[in-house]
Structures are given as C-alpha cells and as structure tokens.
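Text of input_27.txt (compact mmCIF, C-alpha atoms) as supplied:
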```
# COMPACT_ATOMS: atom_id res chain seq x y z
CA PRO U 1 165.85 51.67 27.19
CA HIS U 2 163.82 49.28 29.34
CA HIS U 3 160.67 51.24 28.52
CA PHE U 4 160.60 49.91 24.95
CA ARG U 5 159.05 46.77 23.58
CA HIS U 6 161.56 45.02 21.35
CA HIS U 7 160.30 43.82 17.99
CA ARG U 8 162.03 41.51 15.58
CA LEU U 9 163.67 43.69 12.96
CA PRO U 10 163.68 42.72 9.30
CA ASP U 11 166.94 41.22 8.11
CA CYS U 12 169.43 43.45 6.29
CA GLN U 13 168.51 42.21 2.80
CA THR U 14 164.81 42.88 3.36
CA LYS U 15 165.56 46.41 4.62
CA MET U 16 167.78 47.11 1.63
CA LYS U 17 165.06 46.04 -0.79
CA THR U 18 162.53 48.21 1.03
CA MET U 19 164.67 51.32 1.05
CA GLN U 20 166.83 51.24 -2.06
CA HIS U 21 164.48 53.29 -4.23
CA ARG U 22 163.36 55.74 -1.54
CA ARG U 23 164.21 59.40 -2.05
CA ILE U 24 164.59 61.21 1.25
CA PHE U 25 165.21 64.87 2.03
CA PHE U 26 166.92 65.43 5.37
CA ALA U 27 167.22 68.99 6.72
CA VAL U 28 169.61 69.92 9.54
CA LEU U 29 169.66 73.08 11.66
CA ASN U 30 172.92 75.04 11.76
CA MET U 31 173.43 75.98 15.41
CA GLY U 32 176.82 74.82 16.56
CA LEU U 33 177.45 71.25 15.44
CA GLY U 34 175.03 69.44 17.74
CA HIS U 35 172.19 69.00 15.28
CA ALA U 36 174.60 67.93 12.55
CA THR U 37 176.39 65.30 14.65
CA ARG U 38 173.20 63.72 15.97
CA SER U 39 171.61 63.74 12.50
CA LEU U 40 174.72 62.01 11.16
CA VAL U 41 173.63 58.85 13.03
CA LEU U 42 170.30 58.76 11.21
CA LEU U 43 171.78 59.75 7.85
CA ARG U 44 174.27 56.89 8.00
CA GLN U 45 171.54 54.43 8.94
CA LEU U 46 169.45 55.58 5.99
CA GLN U 47 172.47 55.23 3.70
CA GLU U 48 173.09 51.69 4.96
CA LEU U 49 169.49 50.87 4.10
CA GLY U 50 170.07 52.03 0.53
CA ALA U 51 168.05 55.26 0.51
CA ARG U 52 168.96 58.11 -1.85
CA LEU U 53 169.62 61.18 0.28
CA TRP U 54 169.37 64.91 -0.27
CA VAL U 55 170.78 66.78 2.76
CA GLY U 56 169.92 70.44 3.35
CA SER U 57 171.70 72.69 5.83
CA SER U 58 173.87 75.80 6.05
CA GLY U 59 177.06 77.21 7.57
CA ARG U 60 179.30 75.03 9.74
CA ALA U 61 176.71 72.26 9.96
CA LEU U 62 176.65 71.91 6.17
CA HIS U 63 180.45 71.98 5.99
CA PHE U 64 180.69 69.27 8.67
CA LEU U 65 178.20 66.98 6.90
CA GLN U 66 179.99 67.44 3.58
CA GLN U 67 183.18 66.21 5.26
CA GLU U 68 181.51 63.19 6.86
CA LEU U 69 179.19 61.93 4.10
CA SER U 70 179.72 60.79 0.52
CA GLY U 71 177.21 59.74 -2.13
CA VAL U 72 174.78 62.43 -0.98
CA GLU U 73 173.26 65.44 -2.75
CA PHE U 74 173.77 68.59 -0.66
CA VAL U 75 171.44 71.58 -0.69
CA GLU U 76 172.22 74.94 0.92
CA LEU U 77 169.20 76.20 2.85
CA PRO U 78 168.63 79.69 4.27
CA ASP U 79 170.59 80.16 7.49
CA TYR U 80 168.45 81.10 10.50
CA GLN U 81 171.33 83.33 11.69
CA LEU U 82 170.06 83.81 15.22
CA GLU U 83 172.01 86.76 16.56
CA TYR U 84 173.63 86.40 19.96
CA SER U 85 175.75 88.92 21.81
CA ARG U 86 179.06 88.56 23.61
CA GLN U 87 177.13 89.20 26.83
CA GLY U 88 175.11 86.02 26.30
CA VAL U 89 171.73 85.02 24.95
CA LYS U 90 169.12 87.68 25.69
CA LEU U 91 165.47 86.67 25.53
CA PHE U 92 163.87 89.84 24.19
CA PRO U 93 166.36 90.37 21.31
CA LEU U 94 165.64 86.77 20.32
CA LEU U 95 161.90 87.39 20.42
CA LEU U 96 162.36 90.39 18.14
CA GLN U 97 163.92 88.04 15.57
CA THR U 98 160.75 85.88 15.44
CA PRO U 99 159.11 87.59 12.41
CA ARG U 100 162.34 87.21 10.41
CA LEU U 101 162.55 83.55 11.40
CA ILE U 102 158.99 82.87 10.30
CA GLY U 103 159.88 84.44 6.95
CA LEU U 104 162.85 82.07 6.69
CA PHE U 105 160.60 79.10 7.48
CA HIS U 106 158.48 80.15 4.51
CA ARG U 107 161.53 80.53 2.26
CA GLU U 108 162.94 77.09 3.03
CA GLN U 109 159.48 75.59 2.55
CA GLN U 110 159.26 77.15 -0.92
CA GLN U 111 162.78 75.91 -1.74
CA LEU U 112 161.89 72.37 -0.68
CA ASP U 113 158.64 72.52 -2.67
CA ALA U 114 160.57 73.48 -5.80
CA LEU U 115 163.12 70.69 -5.28
CA HIS U 116 160.31 68.18 -4.65
CA ARG U 117 158.80 68.99 -8.07
CA GLN U 118 162.12 67.91 -9.61
CA VAL U 119 162.95 64.91 -7.39
CA ASN U 120 159.59 63.62 -6.06
CA PHE U 121 160.60 62.77 -2.47
CA ASP U 122 159.12 59.84 -0.54
CA HIS U 123 159.89 61.16 2.96
CA VAL U 124 161.18 64.29 4.67
CA PHE U 125 163.11 64.42 7.94
CA SER U 126 163.90 67.75 9.56
CA ASP U 127 166.21 68.25 12.52
CA HIS U 128 164.54 71.31 14.03
CA ARG U 129 164.05 73.21 10.77
CA TYR U 130 160.42 74.24 11.02
CA GLY U 131 159.92 75.06 7.33
CA CYS U 132 161.24 71.76 5.94
CA TYR U 133 158.10 69.73 5.33
CA LEU U 134 155.94 68.74 2.37
CA ARG U 135 152.18 68.69 2.68
CA GLU U 136 151.74 65.70 0.38
CA VAL U 137 154.71 63.66 1.69
CA PRO U 138 155.18 62.07 5.15
CA SER U 139 157.33 64.60 7.02
CA PHE U 140 158.92 64.14 10.45
CA ILE U 141 160.64 66.67 12.72
CA ILE U 142 163.45 65.67 15.10
CA ALA U 143 163.37 67.71 18.31
CA HIS U 144 164.13 67.19 21.98
CA GLN U 145 163.17 70.75 22.93
CA LEU U 146 159.38 70.62 22.81
CA ARG U 147 159.23 73.54 25.20
CA PHE U 148 161.58 76.49 25.55
CA ILE U 149 162.69 76.82 29.15
CA ALA U 150 161.96 80.37 30.34
CA PRO U 151 163.98 82.21 33.00
CA PRO U 152 162.36 81.89 36.47
CA ALA U 153 160.81 85.36 36.31
CA LEU U 154 159.13 84.53 32.99
CA ARG U 155 158.10 80.95 33.80
CA PRO U 156 154.35 81.83 33.66
CA PHE U 157 154.82 82.74 29.99
CA GLU U 158 156.45 79.45 29.00
CA PHE U 159 153.19 78.45 27.32
CA VAL U 160 154.02 80.88 24.48
CA GLY U 161 156.97 78.74 23.39
CA ILE U 162 154.88 75.57 23.69
CA TRP U 163 152.21 77.19 21.49
CA PHE U 164 154.89 78.24 18.96
CA ASN U 165 156.17 74.67 18.70
CA ARG U 166 152.71 73.14 18.56
CA THR U 167 151.73 75.53 15.77
CA HIS U 168 154.70 74.49 13.63
CA PHE U 169 154.65 70.82 14.60
CA ARG U 170 151.18 70.47 13.06
CA HIS U 171 152.85 70.33 9.62
CA PHE U 172 154.68 67.13 10.57
CA ARG U 173 153.29 63.64 10.93
CA GLN U 174 155.30 62.96 14.10
CA VAL U 175 157.83 64.60 16.42
CA LEU U 176 160.83 62.28 16.84
CA VAL U 177 162.45 62.85 20.24
CA PRO U 178 166.06 61.58 20.56
CA ASP U 179 165.60 60.21 24.07
CA PHE U 180 163.95 57.39 25.98
CA PRO U 181 160.62 58.01 27.73
CA ASP U 182 160.54 58.44 31.50
CA GLY U 183 156.95 58.94 32.49
CA ARG U 184 155.63 62.12 30.85
CA GLN U 185 159.09 63.34 29.87
CA GLY U 186 162.43 62.20 28.51
CA LEU U 187 165.04 60.34 30.53
CA LEU U 188 167.83 62.78 29.61
CA SER U 189 165.89 65.80 28.31
CA GLY U 190 163.60 66.01 31.35
CA ARG U 191 161.11 68.88 31.26
CA LEU U 192 162.31 69.97 27.81
CA SER U 193 160.28 67.14 26.27
CA ARG U 194 157.29 67.27 28.64
CA VAL U 195 154.34 68.80 26.80
CA ARG U 196 150.74 67.87 26.17
CA LEU U 197 150.60 66.61 22.61
CA GLN U 198 148.57 63.71 21.26
CA ARG U 199 150.28 60.48 22.26
CA GLU U 200 150.61 59.40 18.62
CA LYS U 201 152.27 62.71 17.71
CA ILE U 202 155.44 62.08 19.81
CA ARG U 203 157.80 59.19 19.17
CA PHE U 204 160.90 58.57 21.31
CA ILE U 205 163.68 57.15 19.12
CA GLY U 206 166.49 56.64 21.66
CA TRP U 207 169.79 58.44 22.13
CA LEU U 208 171.82 59.33 19.06
CA ASN U 209 175.58 58.99 19.21
CA SER U 210 177.48 59.36 15.93
CA LEU U 211 180.82 58.34 17.43
CA PRO U 212 182.09 54.99 16.15
CA GLU U 213 183.16 52.35 18.64
CA VAL U 214 186.92 52.27 19.14
CA LYS U 215 189.18 49.70 20.74
CA GLN U 216 191.39 50.49 23.67
CA SER U 217 194.49 52.08 22.16
CA GLY U 218 198.02 52.07 23.44
CA ALA U 219 198.20 55.87 23.18
CA PRO U 220 198.82 57.74 26.44
CA PRO U 221 195.76 59.01 28.33
CA ILE U 222 194.55 62.60 28.01
CA ASP U 223 194.01 64.26 31.38
CA THR U 224 191.63 66.94 30.05
CA LEU U 225 189.83 67.12 26.70
CA ILE U 226 188.27 70.54 26.06
CA SER U 227 185.66 70.59 23.30
CA LEU U 228 184.37 74.01 22.22
CA SER U 229 181.10 74.29 20.32
CA GLY U 230 177.89 76.24 19.94
CA PRO U 231 176.76 79.41 18.18
CA GLU U 232 178.93 82.46 17.74
CA PRO U 233 180.04 84.74 19.29
CA GLN U 234 179.84 82.71 22.50
CA ARG U 235 181.95 79.87 21.12
CA SER U 236 184.74 82.40 20.48
CA VAL U 237 184.28 83.99 23.91
CA LEU U 238 184.80 80.61 25.59
CA GLU U 239 187.80 79.94 23.34
CA GLU U 240 189.41 83.18 24.54
CA ILE U 241 188.84 82.28 28.19
CA VAL U 242 190.17 78.74 27.75
CA LEU U 243 193.31 79.77 25.88
CA GLN U 244 194.13 82.36 28.56
CA GLN U 245 193.91 79.71 31.31
CA ILE U 246 195.11 76.58 29.53
CA ALA U 247 198.69 76.81 30.80
CA ASP U 248 197.45 76.40 34.40
CA LEU U 249 196.14 72.87 33.80
CA PRO U 250 198.29 69.97 34.93
CA GLY U 251 198.86 66.97 32.70
CA LYS U 252 198.16 66.40 29.01
CA THR U 253 195.43 68.63 27.56
CA VAL U 254 193.76 68.56 24.12
CA VAL U 255 191.58 71.42 22.87
CA LEU U 256 189.09 71.08 19.99
CA LEU U 257 188.01 74.48 18.68
CA GLY U 258 184.88 73.34 16.84
CA LYS U 259 185.78 74.92 13.49
CA PRO U 260 185.22 72.31 10.75
CA GLU U 261 185.85 74.93 8.06
CA GLU U 262 189.49 75.12 9.17
CA ASN U 263 192.22 72.48 9.18
CA THR U 264 194.88 73.65 11.63
CA GLN U 265 196.66 72.40 14.70
CA GLN U 266 198.98 73.99 17.20
CA LYS U 267 201.09 72.85 20.12
CA ILE U 268 201.62 74.96 23.24
CA GLY U 269 204.50 73.78 25.38
CA GLU U 270 204.88 70.06 26.02
CA ASN U 271 201.37 69.24 27.21
CA VAL U 272 198.79 71.22 25.19
CA GLN U 273 197.64 70.22 21.70
CA ILE U 274 195.02 72.32 19.85
CA TYR U 275 193.01 71.19 16.81
CA SER U 276 190.59 73.32 14.83
CA HIS U 277 188.46 70.22 14.20
CA VAL U 278 188.66 66.43 14.10
CA ASN U 279 186.46 63.88 12.35
CA ARG U 280 184.15 61.48 14.18
CA GLN U 281 186.66 58.63 14.25
CA GLU U 282 189.36 60.86 15.74
CA MET U 283 186.87 62.34 18.20
CA ALA U 284 185.89 58.87 19.41
CA GLU U 285 189.55 57.96 19.95
CA LEU U 286 190.25 61.17 21.87
CA LEU U 287 187.20 60.69 24.09
CA GLN U 288 188.16 57.09 24.77
CA ARG U 289 191.57 58.26 26.06
CA SER U 290 190.20 61.19 28.10
CA LYS U 291 189.87 61.19 31.87
CA LEU U 292 187.73 64.36 31.90
CA VAL U 293 185.80 66.27 29.22
CA VAL U 294 185.20 70.02 29.41
CA SER U 295 182.33 71.08 27.16
CA ARG U 296 179.07 72.91 26.71
CA SER U 297 175.97 71.22 28.10
CA GLY U 298 174.36 70.96 24.68
CA TYR U 299 171.97 68.04 24.32
CA THR U 300 173.92 66.22 21.61
CA THR U 301 177.13 66.45 23.65
CA LEU U 302 175.30 64.98 26.65
CA MET U 303 173.94 62.10 24.55
CA GLU U 304 177.52 61.24 23.57
CA LEU U 305 178.88 61.57 27.10
CA VAL U 306 176.08 59.53 28.68
CA THR U 307 176.70 56.62 26.32
CA LEU U 308 180.43 56.76 27.13
CA GLY U 309 180.00 57.22 30.89
CA LYS U 310 182.46 60.13 30.99
CA LYS U 311 183.33 62.58 33.74
CA ALA U 312 182.65 66.12 32.59
CA LEU U 313 182.89 69.79 33.49
CA LEU U 314 179.86 71.47 31.91
CA ILE U 315 179.84 75.15 30.90
CA PRO U 316 176.40 76.17 29.57
CA THR U 317 176.22 78.90 26.95
CA PRO U 318 175.33 82.10 28.86
CA GLY U 319 171.61 82.83 28.66
CA GLN U 320 170.81 79.66 26.70
CA THR U 321 168.19 78.39 29.09
CA GLU U 322 168.09 74.88 27.62
CA GLN U 323 171.78 74.30 28.37
CA GLU U 324 171.51 75.95 31.78
CA TYR U 325 168.58 73.69 32.67
CA LEU U 326 170.38 70.53 31.52
CA ALA U 327 173.60 71.42 33.35
CA GLU U 328 171.71 72.17 36.59
CA ARG U 329 169.68 68.96 36.25
CA ILE U 330 172.80 66.83 35.81
CA GLN U 331 174.56 68.46 38.75
CA LYS U 332 171.48 67.89 40.94
CA LYS U 333 171.72 64.22 40.02
CA SER U 334 175.34 64.38 41.31
CA TRP U 335 176.73 63.16 37.99
CA CYS U 336 178.84 66.13 36.86
CA TYR U 337 179.98 69.56 38.00
CA GLN U 338 178.86 72.68 36.14
CA VAL U 339 180.07 76.29 36.23
CA LYS U 340 178.99 79.55 34.65
CA GLN U 341 181.22 80.76 31.84
CA SER U 342 181.78 84.12 33.57
CA GLN U 343 183.05 82.31 36.69
CA LEU U 344 185.22 79.72 34.96
CA LEU U 345 188.63 79.06 36.52
CA LEU U 346 189.89 76.01 34.71
CA LYS U 347 192.45 74.85 37.26
CA ARG U 348 189.95 75.05 40.14
CA ASP U 349 186.88 73.76 38.27
CA VAL U 350 188.61 70.83 36.58
CA LYS U 351 189.77 69.68 40.02
CA LEU U 352 186.22 69.94 41.38
CA ALA U 353 184.75 68.13 38.36
CA ARG U 354 187.04 65.13 38.90
CA ARG U 355 185.31 64.47 42.23
CA TYR U 356 182.02 63.65 40.49
CA PRO U 357 181.38 60.09 39.21
CA GLY U 358 180.45 61.17 35.69
CA LEU U 359 177.46 60.45 33.49
CA PRO U 360 176.19 56.88 33.77
CA GLY U 361 177.28 54.75 30.81
CA GLN U 362 174.27 53.42 28.92
CA SER U 363 173.60 51.38 25.81
CA PRO U 364 175.22 53.47 23.05
CA GLN U 365 172.79 52.67 20.25
CA SER U 366 169.28 51.33 20.16
CA PRO U 367 167.27 49.72 17.34
CA VAL U 368 164.38 52.09 18.01
CA PHE U 369 164.93 54.25 14.91
CA LEU U 370 165.10 51.16 12.69
CA GLU U 371 161.84 49.94 14.24
CA PHE U 372 160.32 53.31 13.42
CA LEU U 373 161.50 53.11 9.78
CA ARG U 374 160.02 49.66 9.40
CA GLU U 375 156.65 51.02 10.49
CA ILE U 376 156.54 54.02 8.13
CA LEU U 377 157.83 52.30 4.98
```

Translate the structure described by the file into structure tokens.
Amino acid sequence: PHHFRHHRLPDCQTKMKTMQHRRIFFAVLNMGLGHATRSLVLLRQLQELGARLWVGSSGRALHFLQQELSGVEFVELPDYQLEYSRQGVKLFPLLLQTPRLIGLFHREQQQLDALHRQVNFDHVFSDHRYGCYLREVPSFIIAHQLRFIAPPALRPFEFVGIWFNRTHFRHFRQVLVPDFPDGRQGLLSGRLSRVRLQREKIRFIGWLNSLPEVKQSGAPPIDTLISLSGPEPQRSVLEEIVLQQIADLPGKTVVLLGKPEENTQQKIGENVQIYSHVNRQEMAELLQRSKLVVSRSGYTTLMELVTLGKKALLIPTPGQTEQEYLAERIQKKSWCYQVKQSQLLLKRDVKLARRYPGLPGQSPQSPVFLEFLREIL
C-alpha cells in the first residue's frame, strides 16, 4: 500500500453524477468461486457509484453472483469447462483444450457484440474472460496471473503462456492486477504478475476482499474453519478426504462445502457443523470467530486471509501450479503451513499449522480502484 500516491477522491455526490448514466458490462470467469468473490467487490463499488450493470458469467459463479447482487441484469456466457481429472491438473490435457477455448473466446465476443448493439455499453470489465471486450469501447481485463507457472521441468517453455496472455491482452486497454506493486512484481502474487509489458498496460488496483467488516460477536470461537472451493472434480475429492478425517479434529469445527447452488446444512456429533454455502456476511462472521482456516491456496482466498491476518493450513489443488507456487511462497515466508492433498492428515497438519504466525494483517480495502475509475470516466 505504501507504494501508491494518494490522490484526493471526488466526493460521493460528484461520483454519483459521473457514473449514474454509465452502462457497464462486467464478465466473470467460472472457476471455483474465487473470481466471483473478488469481482463482487468491484461490482458493489460500481453499484454504489450509480452505474447500470450487466453481469455475465456461468455455472456456480453466476449462481453466486445472482444470490449476492440485486438490481443487475445477468447474462449467461459460454462456460470454459476446463476438464480436470481426479488425479489432479495435468498440463498436456489442458493444452489440448486450447483450440476449444479459443473458439469459446470467439463465441463470447460475438455474444457481447450482439448485446452491445442493443445496450450501447460505455465500459467493459472482464475478470479473466479473454473474449469479453469491445473494440470500440474501453475494455479492461482483471488478472493477477500474467504468466502461467510451469512445472520445473518445463520452466524453459514458460514464455509460451506469457505469449498467450500478451496476445489476448492486446484487446484490452489495461490489465488490472488485484495486488500492490513490489518492484517488478506483485506483493502477494509474486512472480505470477512479473512480465514485461508496457508500463502503462498494467495497473495495480490493490487487494480485493468482498467480506464485510463485522464486530466482535459473543458467539463461541471456532477452532477450525474448513472452506472447500475450486474446480471439480478436485473440490469433491478434497471434500471426501475431509469428511473421512473430520471426526479426528479436536474442538469446534465448521465445514463450508462451496456449493452455492445448494442450501443444506448438517451436524455431525457435538462439534462439527457442515454448510453447503454461506453468504458473504455469514462468511465474514465465521472467519472472525475462527482460530485457524483450512483452505485452498487460491489467490482470492489469500487476499481475504491476508487482510484478516488469519492462521491457515493451505492445500493447493493438485497440479494447479499457480496454487502450488503461492502455497510454497507463503510457507517460505514462514507465514502458513501447506500440505499436498494426497498427504493430508487433518489432525497432524492442523496441529502443525497452528505453530505458524499466520498471514500478516493488512489494510483491508484501498481507494486505488476508485482512483482508477476517476481517471477513466
């Protein structure tokens, strides 16, 4: 945060007058709920400024946003449907899906073009949906992963992923990175956001945390909060492992299954409560009461945990090199403990994770995105 120059922001009335007639299309990638929850921060800010919003997404991400937002037009976009196996993310099967993905980029671009002819958008924001841009309208892509981390044996070929991103980023006016700058890279994202692009092409907009602030409640503390998320089938694989081992954990435990399309809860014994999904307010209250969080090392999850200063046990999605890199980086900084999913023993690993100090609490929200809006409007 100290890297930024602070400008005087326009007062609320001025911002409302500036934005109230703007028509904005905001596209969100469906891959777990990470993109949806971080985009929710920006969507709510745009709503507060009086913009008219059209939100495009698919699958669980779309369902989540429909639950959290009102007064918004929703559009179902083609689902990228990246196929993962129960053995983890495999690089070459993913590469084989590239031609199909490029076809989907073209389809969503055509869909947005058709909608634009009806609505006449003023701006487009896309959270990592490469085809959601308009040539004649200022379009911005939100991405922290400017390079795809390759396995060590394939590190010399990492330039291919950088070239892929650069090729698709050319359609957007700027790349908005949800992080703070730290030299040539991001403070939290590290090497993921370190690439050679024109300086004016990349804009750091600060961390995004959609959790509302909550007061200290009188409710009893939660010893372990387990939050499951991410793409299938690996989310379900982790759920199976957790539910088999959950009885071994001491103290009060809450499990969130990461299924916003369901509305169920279950109690196991005296100390274990399971929810299919909770809203952002409930999530904030649960996190505030939690002594330790068990979760994936997805970037959005880390942005939330770093603003809360929470202790965590991180379990990267197998083969998802971005999460593996982030988990290893955070453990090397001696903030949190991480373990491979295949080696997870909850009772042992939760105990080890409690020895770490946790992610450093930082300023939860910055005015950087509002500064950015003031400049482009």

Considering all atoms listed in the file, can you say which of U:Gln281, U:Gln111, U:Asn209, U:Gln244 comes closest to Leu344 of chain U?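 Ranking U:Gln281, U:Gln111, U:Asn209, U:Gln244 by distance to Leu344 of chain U, first place goes to U:Gln244.
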
Do you know which residues are at most 9 Å from Phe140 of chain U counting all atoms listed in the file, after dropping those on the same chain fewer than 6 positions away, and could you put them as a PyMOL selection string? chain U and resi 123-127+133+169+171-176

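If you count all atoms listed in the file and ignore residues fewer than 6 places along the chain from Met283 of chain U, what sits within 10 Å of it is U:Leu211, U:Pro212, U:Ser227, U:Leu256, U:His277.
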
Now that the selection is made, can you save its residues with C-alpha atoms as a PDB file, in the frame of the given file?
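Once written, again.pdb looks like this:
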```
ATOM      1  CA  LEU U 211     180.820  58.340  17.430  1.00  0.00           C
ATOM      2  CA  PRO U 212     182.090  54.990  16.150  1.00  0.00           C
ATOM      3  CA  SER U 227     185.660  70.590  23.300  1.00  0.00           C
ATOM      4  CA  LEU U 256     189.090  71.080  19.990  1.00  0.00           C
ATOM      5  CA  HIS U 277     188.460  70.220  14.200  1.00  0.00           C
TER       6      HIS U 277
END
```

Residues near Leu308 of chain U, anyone? I mean within 10 Å using all atoms listed in the file, not counting same-chain ones fewer than 2 positions away, as a ChimeraX atom specification. /U:209,211,213,284,287-288,302-306,310-311,358-364

What does the structure give for the distance between atom CA of Glu375 of chain U and atom CA of Trp163 of chain U, in Å to one decimal? 28.7 Å

Per-axis box centre and lengths in Å around segment 66-81 of chain U, 6 Å margin per side, axis-aligned, as JSON:
```
{"center_x": 175.8, "center_y": 71.5, "center_z": 4.5, "size_x": 26.7, "size_y": 35.6, "size_z": 26.4}
```

Using atom CA of Val137 of chain U and atom CA of Ser70 of chain U as the two end points, give the distance in Å to one decimal.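 These two atoms are separated by 25.2 Å.
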
What does the structure give for the distance between atom CA of Leu46 of chain U and atom CA of Leu134 of chain U, in Å to one decimal? 19.2 Å
